[in-house]
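Notes follow once the structure below has been shown.
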Amino acid sequence: MPRFFKNLIKKAPQKKPAPPAANGRNRPDPGQPPCSKEDLIKTPISTSLDSNLDTLKNILSHNNDVVFRRFRLGMGNQAEAAVIYVDGMIHKAIINNDIMKPLMLESRMAGNNTPGKGLLELIKDFTISVSEVREARSMDKVVAGVLYGDAALLVDGLDTALVMDVKGWNSRAVEEPQSEILVRGPREGFTETLRVNTTLIRRRLRSPNLVFEDLSIGRVSHTGVIMVYLRGIASTDMVAEVRSRLQRINIDGILESGYLEEFIEDSPYSPFPQVAHTERPDRVAASLLEGRVAILTDGTPFALIVPAEFITFMQSPEDYYERYMLGTAIRWLRYFTFAMSLLLPSLYIAVTTFHQEMIPTRLIISLAAAREGVPFPAFVEALIMEFTFEALREAGIRLPRAVGQAVSIVGALVIGQAAVQAGVVSPLMVIVVAITGIASFLSPAFNMAIAIRFLRFPMMILAATLGLFGVMVGVLAILIHLSGLRSFGVPYLAPLAPFHPGNMKDVAVRAPWWAMDRRPSETGSLNPRRQAPGMKPSKPDPGGKKGGERG
Amino acid sequence: MIRILLTLLLLGVIATQQGCWDHREVERLGIVMATGVDLAPEGRVRVIVQNINPGALGKGMAGGMGGITGTSNKPYLNRSIEGETMFDAIRELSRQTPRQLFFAHNQVILISEKLVRERGVREVMDFFERNPQIRRTTWLLVGKGDMNALMDEPGRLEGSPAQRIFGIISERELSSQYAAQRLGDFLETMESESTQPYTAVLERIPNKAVTEEHKNRLAEGHIAEPHQNMIINGTAVFRRDKMAGWLNSKESRGLLWIRGKVKGGIIEIPGPEGKGGSISLEILRSKTKMKPELRDGSIYMSVSIKEESNLGEATVPLDLTKPEIVKELEDIQNQAIRKEIESALTRAQQDLRVDVFGFGEAVHRQYPRQWKEMKKNWQDLFPAVQVEVEVDSKIRRTGMITKPPEPKQK
C-alpha cells in the first residue's frame with residue numbers, strides 16, 4: 001500500500017514539498033514590490049515603545065478597527081505600555097478585567113514584592129490572568145496575532161511583546177448541517193469557526209493520537225487550515241503526501257475548502273470529485289477511524305476528506321446508524337438510481353429512436369400514441385425537458401425560500417401540465433425526466449450528483465446519434481476514465497477494481513458492525529484491526545443463565 | 001490541454017457527423033401487428049398488412065392531449081396488395097402508407113388455406129426467415145376463408161384482430177385443442193428430414209350470441225355484438241410445405257399428448273359403470289416419454305404419458321372419499337386419453353401418412369446408424385410404426401366438495 005505514495009512522489013516531482021519553512025507568509029514573493037510591508041513585519045521589536053508603535057502603525061495604517069491603547073503600568077517605575085488589538089475580534093471584558101486592570105491597578109497595590117524577577121516575568125507570570133500568552137520578538141508574530149483576534153502588549157524598555165489569546169467574535173452557533181440531513185444521527189454540524197470544528201471532532205475522538213496539524217495557507221488571507229488524522233491509524237506516507245500537497249499551495253486567499261480541493265486532487269481534468277467533503281463531524285470521525293485524513297478550513301463548515309474513492313460517495317453516514325439490512329437495501333437503491341440518473345434519458349432516446357423492437361408491444365403503441373403530435377425528435381424533446389428541469393432546480397436553490405416555492409409550482413405546472421397539453425413534449429418524457437431528477441437527488445454526495453448531472457448530456461448526444469451502441473461507448477469511456485483515476489494514490493474504483501474481497505463488506509452490502517472487523521485496506525493497512533475478534537452477539541450460555549438468574 | 005480539447009473536438013465530430021442514418025422516431029413507424037399472405041392470380045402473392053393506429057389504441061396514454069391526434073377511431077388499418085414476391089408487395093405498399101412498415105412487433109402471421117394447399121409455404125417463408133425484423137416467436141396460423149374478412153374481425157375487448165388472435169393463442173392451454181406453432185418451430189420442422197410441420201387453423205364462425213330476436217333490439221340503439229367470431233379450430237398438417245390435411249380438436253389433442261405439450265384442458269369421461277352421467281376432469285400437467293425400438297424388423301414406438309388432473313365437475317353422485325372410486329375414474333381417464341392419442345395416430349399414419357409426432361427424430365436419436373438407411377423411405381416406414389401407448393393418470397383434487405349436492409327432501 002505505501003508503495004502507491006512513494007511511486008506517486010517519485011513520479012510527480014512537481015508535487016514535492018517546497019522548502020521546509022513554506023509557511024505561506026514567509027516565502028519570498030516575486031509579485032510584491034521590494035520595500036513592502038512584508039519587510040517591515042520582519043523587523044525585530046525594539047526596546048522603545050514609541051518606535052515599536054510607529055512600526056506597527058505603519059504596518060496597520062489606515063485601519064480603523066485596530067485599537068492602540070497606551071497606558072502606564074502600576075509597577076516597574078510606571079513604565080509606559082500599550083495594548084493593541086482588533087476591535088470586534090476580541091473579548092473586551094478579558095482585556096479590561098484580566099489585562100488592563102491587573103497591570104494598571106492591582107500591580108500597584110501588590111508593589112514590587114517579588115524581587116529578583118525581570119519586568120517581563122512579573123507581567124507574564126504574576127500579573128496577567130490570561131490562559132494563553134506567547135512571547136514574540138519580531139513584529140510579524142505580533143501582527144499575525146493581532147489580526148487573528150489576539151491582543152498584543154508592548155512595554156517600553158522590553159524587546160519582547162506578549163501576545164495574549166483573547167479571541168472572541170460573533171459566530172454562527174452549531175446547527176444541524178443543511179447539506180447532509182439524516183433521520184438518525186447526530187444533529188451537530190461544523191461551523192465557520194475552526195476552533196469550534198476541532199472541538200466537535202475532539203469530542204468524538206478523545207484520543208491523544210488525534211492530531212490537529214496547523215497549516216496556514218494564503219498570502220493575504222492567512223487562512224487557518226488544519227490537517228486532522230489519527231496517529232497510528234493513518235498511514236504516515238499518506239499524511240506526508242497530504243501535507244506536502246497542501247504546503248505547495250501558494251495563493252493569495254483560501255475562502256472555502258473548494259479552493260484547496262482543486263489544488264490537491266490527482267486528476268484536475270476529471271468531472272468526478274476525488275476529495276469528499278462533509279459538514280458532519282461524525283462523518284469526519286468515522287473517516288479518521290478508517291485511516292483517512294481530514295482537512296479543516298477556517299471560514300467554512302465544509303471539511304475535506306482524503307482519499308475519497310468512488311464508493312465513499314455512495315455511502316451515507318446513516319447507513320451505519322440504521323440496521324445493517326436496511327443500510328444494505330438502501331445502498332442498492334442508491335446504486336440503482338445512480339445508474340438511472342446517468343442513463344435513463346439516454347436509454348429512452350436510444351431505445352425509442354433506434355431500437356423500437358426492444359420495447360414491449362403494448363408500450364410501443366402507447367409510446368407512439370403519446371408522441372403523435374409532438375413536433376420534436378425524442379432527443380430534442382429530452383434536451384428541452386432536461387434543460388428546463390436543471391434551470392428550475394438551479395432557480396429553486398438560489399431564490400429566497402418564499403419565492404422558491406412559487407418557482408416550484410410554476411415549474412410543476414409548466415413541465416407537468418402545460419408542456420404536455422400544448423403537445424410540445426410527450427407525457428412519457430415528463431416521467432423519464434422526473435424519475436431521472438428524483439434519482440439524482442438520492443446521491444448522498446452533492447459533488448458526485450453534479451458530476452453525473454453533467455455527464456448526462458454527452459450521454460444523451462451519444463444515444464441520439466449512435467443509439468445503444470453510443471450509450472455503451474459512453475459507459476465504457478466513463479468506466480475507463482474511472483478506473484484510471486486515483487485519489488491520493490488510492491485507485492478510484494477500489495475495492496472493486498482492483499478487486500479486494502476483504503473490503504467488499506462495505507460495498508455490496510453494509511455488513512453488520514460486528515462483521516466489519518477490519519479497516520478498509522486502502523487506507524487502514526497500518527493498523528488493520530478495528531475490533532476484537534468474536535464480537536458477534538451470541539445467545540447467553542444456557543447453563544450460566546440457569547445459575548445466574550435463579551441464584 | 002490541447003490534447004484534451006482535440007479529443008473533445010474529435011468526439012464531437014464523431015457524434016455529429018455520422019448523420020443518424022438509421023434514426024427513426026417511434027411515431028413515424030407503421031407498426032405492423034399481423035401479416036396475412038394469400039394467393040393472387042398469375043402466380044403472384046397478396047400481402048395483407050395490419051397496421052396499428054396508436055392514436056386510437058393508446059388512448060390511455062394520450063388522454064391528456066385530446067384533439068391533437070385527430071385520427072379516426074378504428075384502432076387498426078388493413079392494407080392489401082399484390083406483388084411478385086412478398087418483399088415486392090411490401091415495398092409497393094410504401095406508395096400507399098405514409099409510414100415505414102415496422103415488422104418487429106408483428107404478432108401473427110396468417111397464411112391462407114388456399115396458398116397452403118395449392119402453392120406451399122416455401123416461397124413466402126423465405127421472406128419471413130430472411131427479414132431481420134420478423135421474430136421467430138411470431139405465431140404462424142393457417143387462415144380459412146376470406147383473408148381480408150378474417151383480418152378485420154376485431155371483437156370488442158382487444159384493440160385489433162392481431163391482438164385478439166394473440167390473446168386467444170395465449171390461452172391455448174385452457175383447452176389444448178389445437179396445436180399452434182411459432183414461426184421458428186414451424187421452420188425447424190419444415191426443414192427437418194423426417195418430421196412434418198403443423199400449425200393451428202383460424203376461421204370465422206357466426207356469433208351465437210346474436211339471435212334473430214336479439215337482432216331486433218339493435219334497432220333500438222343497442223350496441224351490436226359482432227356478428228362473426230373468430231375461432232382457432234383444429235390443426236393443419238403439412239407434407240413438406242403443403243397442407244396435407246386437417247386434424248379436429250380431438251385429434252389435435254392427441255398430437256399434443258404425443259408431443260408432450262398438453263398443459264391444461266378438459267377431458268370428458270363417462271361416469272363409472274352403471275352410474276352413467278359424465279365427469280369433467282381438468283388437466284393439470286402431463287409428461288410424455290417416447291422410446292423407439294427396432295425389433296424383428298419393425299419399428300416399435302412406446303409412448304408413455306403421465307398425467308395429473310383435478311375433478312372439475314360431475315353430474316353423477318360419487319363418493320370420492322373412497323379410493324377405489326377414484327381409481328376407477330383414473331382408469332376411465334386413461335382410456336379417454338388413449339382414445340384421443342389413437343385417433344391422432346390413425347389420422348396421421350393411415351389417412352395422411354405424415355409424421356407430425358417427431359417419431360423419425362426419436363428413431364434418429366436412438367438408432368443413428370440404422371436411421372441413415374431409414375430416412376430415405378421414412379415416408380413409407382412411418383405408417384407402419386407400431387405405437388404402444390401407455391397412460392398413467394392421477395386425479396389429485398376433487399374441488400371444494402367431496403359429495404355432489406343432492407336434494408334430500410322427498
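All residue names refer to the C-alpha cells as shown: chains lettered A, B, ... in order, residues numbered from 1 in each chain, ligands numbered from 1 in order.
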
Fewer than 6 positions away in the same chain doesn't count, so skip those; otherwise give me all residues within 8 Å of stretch 200-203 of chain A, counting only C-alpha atoms, as a ChimeraX atom specification.
/A:190,210,281-282,284-285

Residues of chain A were defined as contacting chain B if any atom lay at most 9 Å from it, counting only C-alpha atoms; please report them as a ChimeraX atom specification.
/A:269,352-374,377-378,417,420-423,426-428,461-462,464-467,470

Using the selection just defined, write its residues with C-alpha atoms as a compact mmCIF listing (two decimals), in the first residue's frame.
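File written: result-v3.txt
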# COMPACT_ATOMS: atom_id res chain seq x y z
CA TYR A 269 -9.42 17.43 -15.63
CA THR A 352 -37.22 4.89 -28.91
CA THR A 353 -35.28 6.15 -31.91
CA PHE A 354 -33.11 3.18 -32.83
CA HIS A 355 -34.27 0.01 -31.16
CA GLN A 356 -38.05 0.04 -31.25
CA GLU A 357 -38.05 -3.74 -31.44
CA MET A 358 -36.86 -3.83 -27.83
CA ILE A 359 -39.94 -2.11 -26.46
CA PRO A 360 -42.82 -4.34 -25.40
CA THR A 361 -45.59 -4.18 -28.00
CA ARG A 362 -48.19 -2.60 -25.75
CA LEU A 363 -45.72 0.01 -24.60
CA ILE A 364 -44.64 0.96 -28.09
CA ILE A 365 -48.27 1.54 -29.04
CA SER A 366 -48.75 3.85 -26.06
CA LEU A 367 -45.44 5.49 -26.86
CA ALA A 368 -46.32 6.11 -30.46
CA ALA A 369 -49.71 7.44 -29.38
CA ALA A 370 -48.13 9.77 -26.85
CA ARG A 371 -45.58 11.04 -29.28
CA GLU A 372 -48.09 11.60 -32.04
CA GLY A 373 -48.29 15.34 -32.45
CA VAL A 374 -45.01 16.05 -30.68
CA PRO A 377 -37.47 14.26 -32.19
CA ALA A 378 -37.08 12.44 -28.89
CA GLN A 417 -49.17 20.03 -17.42
CA VAL A 420 -47.84 18.07 -22.39
CA GLN A 421 -51.13 19.74 -23.17
CA ALA A 422 -49.53 22.03 -25.68
CA GLY A 423 -48.12 18.95 -27.35
CA SER A 426 -44.89 13.68 -24.60
CA PRO A 427 -46.11 12.61 -21.17
CA LEU A 428 -43.64 9.75 -21.12
CA ILE A 461 -25.96 13.12 -27.51
CA LEU A 462 -24.28 9.73 -27.92
CA ALA A 464 -29.25 10.26 -30.13
CA THR A 465 -26.52 9.70 -32.71
CA LEU A 466 -25.36 6.14 -32.18
CA GLY A 467 -28.17 4.51 -30.26
CA GLY A 470 -23.35 5.05 -28.31

Stretch 98-107 of chain A surroundings by only C-alpha atoms, 12 Å radius, close-in-sequence under 6 positions cut, as JSON, numbers by chain:
{"A": [69, 70, 71, 72, 73, 74, 75, 76, 77, 78, 79, 80, 81, 82, 83, 84, 91, 92, 113, 114, 119, 120, 122, 123, 124, 125, 126, 127, 128, 129, 130, 131, 133, 151, 152, 153, 155, 162, 163, 164, 165, 166]}

Could you please write out, as a short mmCIF file (atom, residue, chain, number, x, y, z; two decimals) with C-alpha atoms, in the first residue's frame, every residue of stretch 113-231 of chain B that DSSP assigns to strand (DSSP E)?
data_model
loop_
_atom_site.label_atom_id
_atom_site.label_comp_id
_atom_site.auth_asym_id
_atom_site.auth_seq_id
_atom_site.Cartn_x
_atom_site.Cartn_y
_atom_site.Cartn_z
CA TRP B 139 -47.34 -17.23 -34.19
CA LEU B 140 -47.94 -18.80 -37.56
CA LEU B 141 -51.52 -19.78 -38.38
CA VAL B 142 -53.41 -21.05 -41.37
CA GLY B 143 -56.35 -18.81 -42.19
CA GLN B 181 -46.69 -23.26 -33.83
CA ARG B 182 -44.33 -20.35 -33.65
CA TYR B 198 -48.21 -28.48 -38.43
CA THR B 199 -49.98 -25.44 -37.09
CA ALA B 200 -53.40 -24.31 -35.98
CA VAL B 201 -56.19 -23.10 -38.24
CA LEU B 202 -58.02 -19.84 -37.74
CA GLU B 203 -61.51 -19.35 -39.07
CA ARG B 204 -64.63 -17.28 -38.62
CA ILE B 205 -67.84 -18.62 -37.17
CA PRO B 206 -71.12 -16.85 -36.68
CA GLN B 228 -68.94 -13.05 -36.57
CA ASN B 229 -66.49 -14.55 -34.16
CA MET B 230 -63.01 -15.83 -34.55
CA ILE B 231 -62.09 -19.31 -33.53
#

So how many Å separate atom CA of A:Gly88 and atom CA of A:Asn250, to one decimal?
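Rounded to one decimal, the two atoms are 28.8 Å apart.
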
What residues in stretch 247-311 of chain B get the DSSP label alpha helix (DSSP H)? Please answer as a JSON list (two decimals) with N, CA, C and O atoms, in the first residue's frame.
[["chain", "number", "residue", "atom", "x", "y", "z"],
["B", 249, "SER", "N", -60.41, -31.21, -33.19],
["B", 249, "SER", "CA", -59.97, -30.87, -31.85],
["B", 249, "SER", "C", -59.42, -32.08, -31.12],
["B", 249, "SER", "O", -58.37, -32.03, -30.47],
["B", 250, "LYS", "N", -60.13, -33.20, -31.22],
["B", 250, "LYS", "CA", -59.72, -34.40, -30.51],
["B", 250, "LYS", "C", -58.37, -34.89, -31.01],
["B", 250, "LYS", "O", -57.46, -35.21, -30.24],
["B", 251, "GLU", "N", -58.27, -34.95, -32.35],
["B", 251, "GLU", "CA", -57.03, -35.43, -32.95],
["B", 251, "GLU", "C", -55.87, -34.47, -32.64],
["B", 251, "GLU", "O", -54.74, -34.89, -32.43],
["B", 252, "SER", "N", -56.23, -33.18, -32.60],
["B", 252, "SER", "CA", -55.18, -32.20, -32.28],
["B", 252, "SER", "C", -54.63, -32.46, -30.89],
["B", 252, "SER", "O", -53.43, -32.39, -30.66],
["B", 253, "ARG", "N", -55.56, -32.76, -29.94],
["B", 253, "ARG", "CA", -55.06, -33.00, -28.59],
["B", 253, "ARG", "C", -54.24, -34.28, -28.55],
["B", 253, "ARG", "O", -53.25, -34.37, -27.83],
["B", 254, "GLY", "N", -54.64, -35.27, -29.37],
["B", 254, "GLY", "CA", -53.84, -36.48, -29.47],
["B", 254, "GLY", "C", -52.41, -36.15, -29.88],
["B", 254, "GLY", "O", -51.44, -36.67, -29.33],
["B", 255, "LEU", "N", -52.31, -35.27, -30.89],
["B", 255, "LEU", "CA", -50.98, -34.83, -31.34],
["B", 255, "LEU", "C", -50.22, -34.18, -30.18],
["B", 255, "LEU", "O", -49.05, -34.46, -29.96],
["B", 256, "LEU", "N", -50.93, -33.32, -29.43],
["B", 256, "LEU", "CA", -50.27, -32.61, -28.33],
["B", 256, "LEU", "C", -49.84, -33.58, -27.22],
["B", 256, "LEU", "O", -48.80, -33.39, -26.61],
["B", 257, "TRP", "N", -50.67, -34.60, -26.99],
["B", 257, "TRP", "CA", -50.28, -35.60, -25.98],
["B", 257, "TRP", "C", -48.96, -36.23, -26.34],
["B", 257, "TRP", "O", -48.04, -36.32, -25.51],
["B", 258, "ILE", "N", -48.84, -36.64, -27.61],
["B", 258, "ILE", "CA", -47.60, -37.32, -28.02],
["B", 258, "ILE", "C", -46.44, -36.34, -27.98],
["B", 258, "ILE", "O", -45.33, -36.68, -27.58],
["B", 259, "ARG", "N", -46.73, -35.09, -28.34],
["B", 259, "ARG", "CA", -45.68, -34.07, -28.33],
["B", 259, "ARG", "C", -45.34, -33.61, -26.91],
["B", 259, "ARG", "O", -44.43, -32.83, -26.69]]

Surrounding residues of A:Gly145 excluding itself and chain neighbours under 2 positions, 10 Å, only C-alpha atoms, as a PDB file with C-alpha atoms, in the first residue's frame:
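Output file around_9.pdb is given in full below:
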ATOM      1  CA  TYR A  85      -5.986  44.569  19.330  1.00  0.00           C
ATOM      2  CA  VAL A  86      -8.529  44.464  16.559  1.00  0.00           C
ATOM      3  CA  ARG A 134       3.006  33.871  23.919  1.00  0.00           C
ATOM      4  CA  ALA A 136       7.015  37.480  20.458  1.00  0.00           C
ATOM      5  CA  MET A 139       6.778  42.247  14.524  1.00  0.00           C
ATOM      6  CA  ASP A 140       5.369  39.570  12.236  1.00  0.00           C
ATOM      7  CA  LYS A 141       4.276  37.428  15.188  1.00  0.00           C
ATOM      8  CA  VAL A 142       2.644  40.453  16.776  1.00  0.00           C
ATOM      9  CA  VAL A 143       0.798  41.432  13.619  1.00  0.00           C
ATOM     10  CA  LEU A 147      -5.062  40.111  13.095  1.00  0.00           C
ATOM     11  CA  TYR A 148      -6.290  36.758  14.387  1.00  0.00           C
ATOM     12  CA  GLY A 149      -8.006  38.199  17.432  1.00  0.00           C
ATOM     13  CA  ASP A 150      -5.138  38.216  19.926  1.00  0.00           C
ATOM     14  CA  ALA A 151      -4.140  41.234  21.982  1.00  0.00           C
ATOM     15  CA  ALA A 152      -0.509  42.315  21.967  1.00  0.00           C
ATOM     16  CA  LEU A 162       3.299  39.442  24.822  1.00  0.00           C
ATOM     17  CA  VAL A 163       0.586  38.089  22.563  1.00  0.00           C
ATOM     18  CA  MET A 164      -2.448  37.074  24.566  1.00  0.00           C
ATOM     19  CA  ASP A 165      -5.322  34.942  23.329  1.00  0.00           C
ATOM     20  CA  LYS A 167     -10.315  35.806  20.739  1.00  0.00           C
TER      21      LYS A 167
END

Just the residues within 7 Å of stretch 315-318 of chain A, please, counting only C-alpha atoms, with nothing from its chain fewer than 4 positions along; format it as a list in words.
Leu182, Arg184, Gly185, Arg283, Ile311, Glu322 and Pro444 of chain A

Would you save the residues from that selection as a compact mmCIF listing (two decimals), in the first residue's frame, using all heavy atoms?
# COMPACT_ATOMS: atom_id res chain seq x y z
N LEU A 182 -29.85 13.82 8.16
CA LEU A 182 -30.10 12.42 8.44
C LEU A 182 -31.34 12.30 9.31
O LEU A 182 -31.70 13.22 10.03
CB LEU A 182 -28.94 11.79 9.21
CG LEU A 182 -27.56 11.79 8.55
CD1 LEU A 182 -26.60 11.02 9.42
CD2 LEU A 182 -27.63 11.19 7.18
N ARG A 184 -31.54 9.58 11.46
CA ARG A 184 -30.92 9.16 12.69
C ARG A 184 -29.44 9.49 12.63
O ARG A 184 -28.76 9.13 11.69
CB ARG A 184 -31.09 7.65 12.86
CG ARG A 184 -30.45 7.15 14.11
CD ARG A 184 -30.79 5.70 14.33
NE ARG A 184 -30.09 5.20 15.48
CZ ARG A 184 -30.16 3.95 15.89
NH1 ARG A 184 -30.90 3.10 15.24
NH2 ARG A 184 -29.51 3.55 16.96
N GLY A 185 -28.97 10.15 13.65
CA GLY A 185 -27.57 10.53 13.69
C GLY A 185 -27.44 11.86 14.39
O GLY A 185 -28.44 12.56 14.60
N ARG A 283 -19.07 12.18 10.50
CA ARG A 283 -18.54 11.55 9.30
C ARG A 283 -17.02 11.71 9.25
O ARG A 283 -16.30 10.79 8.85
CB ARG A 283 -19.18 12.20 8.07
CG ARG A 283 -18.71 11.55 6.82
CD ARG A 283 -19.63 11.67 5.65
NE ARG A 283 -18.92 11.09 4.51
CZ ARG A 283 -18.92 11.62 3.30
NH1 ARG A 283 -19.63 12.69 3.06
NH2 ARG A 283 -18.23 11.06 2.34
N ILE A 311 -16.63 4.76 -4.15
CA ILE A 311 -17.64 4.14 -3.32
C ILE A 311 -17.96 4.99 -2.08
O ILE A 311 -19.06 4.95 -1.56
CB ILE A 311 -17.19 2.70 -2.96
CG1 ILE A 311 -18.37 1.77 -2.96
CG2 ILE A 311 -16.44 2.64 -1.66
CD1 ILE A 311 -18.86 1.43 -4.33
N GLU A 322 -28.34 3.06 10.93
CA GLU A 322 -29.54 2.25 10.87
C GLU A 322 -29.15 0.77 10.85
O GLU A 322 -27.99 0.43 10.68
CB GLU A 322 -30.36 2.60 9.62
CG GLU A 322 -31.43 3.65 9.84
CD GLU A 322 -32.36 3.34 10.98
OE1 GLU A 322 -32.49 2.17 11.35
OE2 GLU A 322 -32.93 4.31 11.52
N PRO A 444 -25.98 10.67 -1.90
CA PRO A 444 -25.66 11.34 -0.63
C PRO A 444 -24.60 12.42 -0.80
O PRO A 444 -24.46 13.27 0.07
CB PRO A 444 -25.18 10.20 0.27
CG PRO A 444 -24.78 9.11 -0.64
CD PRO A 444 -25.51 9.29 -1.92

The residue from A:Ala303, A:Ala412, A:Leu230, A:Ile90 with the smallest atom-to-atom distance to A:Pro208, counting only C-alpha atoms, is A:Leu230

For B:Gln333: contacts at 10 Å, only C-alpha atoms, fewer than 6 positions along chain excluded, given as a PDB file with C-alpha atoms, in the first residue's frame:
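The result, stored in selection_28.pdb:
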ATOM      1  CA  ILE B 267     -61.228 -34.416 -20.509  1.00  0.00           C
ATOM      2  CA  GLU B 268     -64.794 -35.597 -20.697  1.00  0.00           C
ATOM      3  CA  ILE B 269     -65.299 -39.081 -19.350  1.00  0.00           C
ATOM      4  CA  PRO B 270     -68.440 -41.096 -18.724  1.00  0.00           C
ATOM      5  CA  ILE B 279     -67.486 -36.173 -15.493  1.00  0.00           C
ATOM      6  CA  SER B 280     -65.179 -33.339 -16.482  1.00  0.00           C
ATOM      7  CA  LEU B 281     -61.570 -33.616 -15.495  1.00  0.00           C
ATOM      8  CA  GLU B 307     -50.970 -37.095 -16.443  1.00  0.00           C
ATOM      9  CA  SER B 309     -55.896 -33.825 -13.299  1.00  0.00           C
ATOM     10  CA  LYS B 327     -59.055 -45.404  -9.057  1.00  0.00           C
ATOM     11  CA  LYS B 339     -58.524 -42.838 -27.389  1.00  0.00           C
ATOM     12  CA  VAL B 391     -51.193 -43.817 -19.942  1.00  0.00           C
ATOM     13  CA  ASP B 392     -50.819 -43.336 -16.225  1.00  0.00           C
ATOM     14  CA  SER B 393     -53.165 -40.691 -14.925  1.00  0.00           C
ATOM     15  CA  LYS B 394     -53.897 -39.457 -11.457  1.00  0.00           C
ATOM     16  CA  ILE B 395     -56.766 -37.446 -10.041  1.00  0.00           C
TER      17      ILE B 395
END

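Summary of the local environment: counting only C-alpha atoms, residues at most 7 Å from B:Arg79, other than itself and those fewer than 3 positions away along its chain, are B:Ile48, B:Val49, B:Gln50.
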
Dump of all heavy atoms for the selected residues, as a short mmCIF file (atom, residue, chain, number, x, y, z; two decimals), in the first residue's frame:
data_model
loop_
_atom_site.label_atom_id
_atom_site.label_comp_id
_atom_site.auth_asym_id
_atom_site.auth_seq_id
_atom_site.Cartn_x
_atom_site.Cartn_y
_atom_site.Cartn_z
N ILE B 48 -51.46 -8.94 -46.90
CA ILE B 48 -52.35 -8.06 -46.14
C ILE B 48 -51.62 -7.67 -44.87
O ILE B 48 -51.15 -8.53 -44.11
CB ILE B 48 -53.67 -8.77 -45.79
CG1 ILE B 48 -54.33 -9.27 -47.08
CG2 ILE B 48 -54.59 -7.83 -45.04
CD1 ILE B 48 -55.27 -10.40 -46.83
N VAL B 49 -51.48 -6.38 -44.67
CA VAL B 49 -50.70 -5.88 -43.55
C VAL B 49 -51.63 -5.15 -42.61
O VAL B 49 -52.42 -4.32 -43.05
CB VAL B 49 -49.59 -4.95 -44.07
CG1 VAL B 49 -49.08 -4.06 -42.98
CG2 VAL B 49 -48.46 -5.77 -44.66
N GLN B 50 -51.58 -5.52 -41.34
CA GLN B 50 -52.44 -4.85 -40.38
C GLN B 50 -51.61 -3.84 -39.58
O GLN B 50 -50.75 -4.19 -38.77
CB GLN B 50 -53.05 -5.85 -39.42
CG GLN B 50 -54.03 -5.22 -38.48
CD GLN B 50 -54.95 -6.26 -37.90
OE1 GLN B 50 -54.73 -6.77 -36.83
NE2 GLN B 50 -55.99 -6.60 -38.64
#

In Å, rounded to a single decimal, give me how far atom CA of A:Trp514 is from atom CA of A:Pro537.
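If I compute the distance from atom CA of A:Pro537 to atom CA of A:Trp514, I get 8.0 Å.
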